[in-house]
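To keep things clear, I will list the structure first and then write my remarks on it.
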Amino acid sequence: MFQFVRNFADRLDAYNWWIVCIELLLIGAVVHSVLYFLRDTRGARLIRGTILLLIIAFTVIWLSGNKLIRVEYLFQRILLFTSLAVVVVFQPELRRALIRLGEARFFRVGQNRPSDMVEALVKSADYCSRNRIGALIAIERQVGLASLAENGASLDAEITSELLNTIFWPGSALHDMGVVIRHGRLAAAGVQFPLDEGSDLPTELGARHRAALGLSQDTDALILVVSEETGIISIAQRGKLDRGLSPDELRRRLYQELEINIDVEHDGSILA
C-alpha cells in the first residue's frame, strides 16, 4: 500500500502544479459540502468514527513498516468494503440530498402577503401557547413539499390565525397532524410528517417535536411547533430545534429566515 502511495506521489510530479491545485480545491469543496450537509446528523457521527478508525489503522501499519503484511492486506480490503458500505449506511442522508437537488427552486410567495402570513402565524402561535394547544406548521422554502402535502387534507386556503386555531383545536379531526404552507397559502392540513429517530430529545418532547425535527432533516422547511403540555414555542430547521421563543422572537425569526424585508423597531414591534 505504501508503495502505491509513493508511486502516486511520483505521478503527481508529472502534472502541472496549477492543475493539481485546481483538482485539490475541487476535491476540498466537495468534501466540505458533504461534511456541511452531514453536520449534526447521525451520518456525521458515523463518518467521524469511520475516519478515526481508518487513521488509527493506517498509523499502526505505517509504524510497523513491512512487518504487518497480512494486516495491510486486510486494511486494503476494508477500504474497499467501506466505500461500498457508505452507500448503505448513509442511505437516509443520500436520499435527503437527492430530494433537495430534485425539488430545489426559488422561494416564492403567492396570494398572501409575506407580512400578513407572518403575523397570522405569530398570532396563532401565541394563542395556542397561552391555551396549551399543540400546533405543528411547516413552511415551504426551496425544497418542495408538494408530495408531503398530498398525504393530508387539501385546503388551498388563505392563511389566517382563526383558521389555524380551528385546525389545531383539541378534538378536531386534524389537530394531531401538521399543516403545510406552500406559495404563501395553507396547502394542506392533517399531514403526517416523518419522525426523527436519532436525536436525543428531552423526555418531555413528544411526537410533534420529533416530527418537526424529522421533516427539518429531510427538507429545508421552517417548522413551527407549539407544545401542548408546556405551551413553549419552538422552531425546527436543518435538524436543529430552537425552543422557548416569545411571540416577538418568533416574529423576528420568521422575517429573518423567510428573508422578508421589513423595518423592525428596537423594541421588536413591526413598523407599518
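Here, A, B, ... name the chains of the C-alpha cells in the order displayed, residue numbers run from 1 inside each chain, and ligands are numbered from 1 in the same displayed order.
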All strand (DSSP E) residues (DSSP, backbone) inside stretch 111-233 of chain A, as a ChimeraX atom specification: /A:135-139,153-157,178-182,185-191,222-226,233
Selected residues written out with N, CA and C atoms, as a PDB file, in the first residue's frame:
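out-v5.pdb was written with the following content:
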```pdb
ATOM      1  N   ALA A 135     -49.514  22.642  18.195  1.00  0.00           N
ATOM      2  CA  ALA A 135     -49.553  23.082  16.798  1.00  0.00           C
ATOM      3  C   ALA A 135     -48.270  22.648  16.094  1.00  0.00           C
ATOM      4  N   LEU A 136     -48.393  22.350  14.816  1.00  0.00           N
ATOM      5  CA  LEU A 136     -47.254  21.923  14.002  1.00  0.00           C
ATOM      6  C   LEU A 136     -47.445  22.457  12.593  1.00  0.00           C
ATOM      7  N   ILE A 137     -46.588  23.398  12.187  1.00  0.00           N
ATOM      8  CA  ILE A 137     -46.752  24.098  10.903  1.00  0.00           C
ATOM      9  C   ILE A 137     -45.428  24.068  10.146  1.00  0.00           C
ATOM     10  N   ALA A 138     -45.452  23.573   8.916  1.00  0.00           N
ATOM     11  CA  ALA A 138     -44.272  23.540   8.056  1.00  0.00           C
ATOM     12  C   ALA A 138     -44.413  24.580   6.959  1.00  0.00           C
ATOM     13  N   ILE A 139     -43.392  25.444   6.823  1.00  0.00           N
ATOM     14  CA  ILE A 139     -43.383  26.486   5.802  1.00  0.00           C
ATOM     15  C   ILE A 139     -42.381  26.099   4.728  1.00  0.00           C
ATOM     16  N   ALA A 153     -55.198  16.541   4.076  1.00  0.00           N
ATOM     17  CA  ALA A 153     -56.443  17.088   3.538  1.00  0.00           C
ATOM     18  C   ALA A 153     -56.146  18.384   2.796  1.00  0.00           C
ATOM     19  N   SER A 154     -56.410  18.408   1.504  1.00  0.00           N
ATOM     20  CA  SER A 154     -56.119  19.575   0.682  1.00  0.00           C
ATOM     21  C   SER A 154     -57.044  20.733   1.046  1.00  0.00           C
ATOM     22  N   LEU A 155     -56.453  21.931   1.229  1.00  0.00           N
ATOM     23  CA  LEU A 155     -57.224  23.112   1.605  1.00  0.00           C
ATOM     24  C   LEU A 155     -57.067  24.248   0.600  1.00  0.00           C
ATOM     25  N   ASP A 156     -55.828  24.614   0.292  1.00  0.00           N
ATOM     26  CA  ASP A 156     -55.534  25.765  -0.573  1.00  0.00           C
ATOM     27  C   ASP A 156     -56.309  26.999  -0.106  1.00  0.00           C
ATOM     28  N   ALA A 157     -56.080  27.358   1.154  1.00  0.00           N
ATOM     29  CA  ALA A 157     -56.834  28.451   1.770  1.00  0.00           C
ATOM     30  C   ALA A 157     -55.905  29.587   2.168  1.00  0.00           C
ATOM     31  N   GLY A 178     -49.926  17.788  11.100  1.00  0.00           N
ATOM     32  CA  GLY A 178     -49.295  19.047  10.776  1.00  0.00           C
ATOM     33  C   GLY A 178     -49.975  19.770   9.636  1.00  0.00           C
ATOM     34  N   VAL A 179     -49.603  21.032   9.496  1.00  0.00           N
ATOM     35  CA  VAL A 179     -50.112  21.894   8.433  1.00  0.00           C
ATOM     36  C   VAL A 179     -48.944  22.255   7.512  1.00  0.00           C
ATOM     37  N   VAL A 180     -49.188  22.290   6.219  1.00  0.00           N
ATOM     38  CA  VAL A 180     -48.169  22.636   5.233  1.00  0.00           C
ATOM     39  C   VAL A 180     -48.549  23.936   4.540  1.00  0.00           C
ATOM     40  N   ILE A 181     -47.610  24.879   4.518  1.00  0.00           N
ATOM     41  CA  ILE A 181     -47.810  26.161   3.840  1.00  0.00           C
ATOM     42  C   ILE A 181     -46.927  26.180   2.603  1.00  0.00           C
ATOM     43  N   ARG A 182     -47.535  26.382   1.445  1.00  0.00           N
ATOM     44  CA  ARG A 182     -46.813  26.442   0.167  1.00  0.00           C
ATOM     45  C   ARG A 182     -47.272  27.669  -0.603  1.00  0.00           C
ATOM     46  N   ARG A 185     -49.781  30.008   0.804  1.00  0.00           N
ATOM     47  CA  ARG A 185     -51.146  29.535   1.022  1.00  0.00           C
ATOM     48  C   ARG A 185     -51.111  28.342   1.964  1.00  0.00           C
ATOM     49  N   LEU A 186     -52.203  28.144   2.692  1.00  0.00           N
ATOM     50  CA  LEU A 186     -52.329  26.962   3.539  1.00  0.00           C
ATOM     51  C   LEU A 186     -52.730  25.809   2.625  1.00  0.00           C
ATOM     52  N   ALA A 187     -51.739  24.997   2.243  1.00  0.00           N
ATOM     53  CA  ALA A 187     -51.957  23.987   1.211  1.00  0.00           C
ATOM     54  C   ALA A 187     -52.705  22.770   1.723  1.00  0.00           C
ATOM     55  N   ALA A 188     -52.343  22.299   2.919  1.00  0.00           N
ATOM     56  CA  ALA A 188     -52.951  21.068   3.419  1.00  0.00           C
ATOM     57  C   ALA A 188     -52.853  21.020   4.935  1.00  0.00           C
ATOM     58  N   ALA A 189     -53.788  20.263   5.531  1.00  0.00           N
ATOM     59  CA  ALA A 189     -53.781  20.024   6.970  1.00  0.00           C
ATOM     60  C   ALA A 189     -53.926  18.525   7.204  1.00  0.00           C
ATOM     61  N   GLY A 190     -53.676  18.110   8.439  1.00  0.00           N
ATOM     62  CA  GLY A 190     -53.723  16.687   8.736  1.00  0.00           C
ATOM     63  C   GLY A 190     -52.627  15.908   8.055  1.00  0.00           C
ATOM     64  N   VAL A 191     -51.454  16.541   7.901  1.00  0.00           N
ATOM     65  CA  VAL A 191     -50.334  15.925   7.188  1.00  0.00           C
ATOM     66  C   VAL A 191     -49.417  15.217   8.189  1.00  0.00           C
ATOM     67  N   LEU A 222     -39.071  25.418   7.183  1.00  0.00           N
ATOM     68  CA  LEU A 222     -39.064  26.035   8.510  1.00  0.00           C
ATOM     69  C   LEU A 222     -40.306  25.537   9.238  1.00  0.00           C
ATOM     70  N   ILE A 223     -40.111  24.838  10.347  1.00  0.00           N
ATOM     71  CA  ILE A 223     -41.232  24.198  11.040  1.00  0.00           C
ATOM     72  C   ILE A 223     -41.472  24.870  12.379  1.00  0.00           C
ATOM     73  N   LEU A 224     -42.690  25.314  12.585  1.00  0.00           N
ATOM     74  CA  LEU A 224     -43.123  25.961  13.819  1.00  0.00           C
ATOM     75  C   LEU A 224     -43.862  24.943  14.681  1.00  0.00           C
ATOM     76  N   VAL A 225     -43.477  24.848  15.961  1.00  0.00           N
ATOM     77  CA  VAL A 225     -44.073  23.880  16.880  1.00  0.00           C
ATOM     78  C   VAL A 225     -44.522  24.587  18.148  1.00  0.00           C
ATOM     79  N   VAL A 226     -45.701  24.244  18.615  1.00  0.00           N
ATOM     80  CA  VAL A 226     -46.186  24.698  19.921  1.00  0.00           C
ATOM     81  C   VAL A 226     -46.488  23.458  20.745  1.00  0.00           C
ATOM     82  N   ILE A 233     -43.064  27.681  22.509  1.00  0.00           N
ATOM     83  CA  ILE A 233     -42.990  27.859  21.053  1.00  0.00           C
ATOM     84  C   ILE A 233     -41.571  27.532  20.588  1.00  0.00           C
TER      85      ILE A 233
END
```
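Closest approach to A:Leu254 among A:Ala236, A:Ile51, A:Ile19, A:Pro170 is made by A:Ala236 (distances from only C-alpha atoms).
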Top pick for closest residue to A:Ile232, considering A:Val143, A:Leu24, A:Ala207, A:Ile133 and counting only C-alpha atoms: A:Ile133
Computed interatomic separation between atom CA of A:Ile159 and atom CA of A:His183 (Å):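 If I compute the distance from atom CA of A:Ile159 to atom CA of A:His183, I get 10.9 Å.
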Pick from A:His175, A:Gln142, A:Leu148, A:Arg243, whichever lies nearest to A:Cys128 using only C-alpha atoms: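 The closest residue to A:Cys128 is A:His175.
Residue nearest A:Glu140 within the list A:Ile56, A:Glu229, A:Gln237, A:Gly206: A:Gln237 [criterion: smallest interatomic distance, only C-alpha atoms].
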Every residue of stretch 87-260 of chain A that DSSP places in helix (DSSP H, G or I), as a PyMOL selection string: chain A and resi 87-89+91-103+114-130+146-149+161-168+207-218+247-257
Residue neighbourhood A:Gly239, 7 Å, only C-alpha atoms, exclusion window fewer than 3 positions, as a PDB file with N, CA and C atoms, in the first residue's frame:
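Produced file around00.pdb, reproduced below:
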```pdb
ATOM      1  N   LEU A 213     -38.481  17.821  13.763  1.00  0.00           N
ATOM      2  CA  LEU A 213     -37.074  17.544  13.500  1.00  0.00           C
ATOM      3  C   LEU A 213     -36.904  16.615  12.304  1.00  0.00           C
ATOM      4  N   SER A 216     -37.377  18.597   9.182  1.00  0.00           N
ATOM      5  CA  SER A 216     -36.278  19.554   9.005  1.00  0.00           C
ATOM      6  C   SER A 216     -35.003  18.873   8.541  1.00  0.00           C
ATOM      7  N   GLN A 217     -34.857  17.575   8.792  1.00  0.00           N
ATOM      8  CA  GLN A 217     -33.696  16.833   8.301  1.00  0.00           C
ATOM      9  C   GLN A 217     -33.858  16.434   6.851  1.00  0.00           C
ATOM     10  N   ALA A 236     -37.955  24.525  14.220  1.00  0.00           N
ATOM     11  CA  ALA A 236     -37.026  23.482  13.789  1.00  0.00           C
ATOM     12  C   ALA A 236     -36.586  23.762  12.360  1.00  0.00           C
TER      13      ALA A 236
END
```
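For the pair atom CA of A:Tyr127 and atom CA of A:Lys240, the separation is 24.1 Å.
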Contacts of A:Asp126 within 12 Å, only C-alpha atoms, excl. fewer than 2 positions in-chain, as a ChimeraX atom specification: /A:119-124,128-135,161,164-165,224-227,231-234,245-251
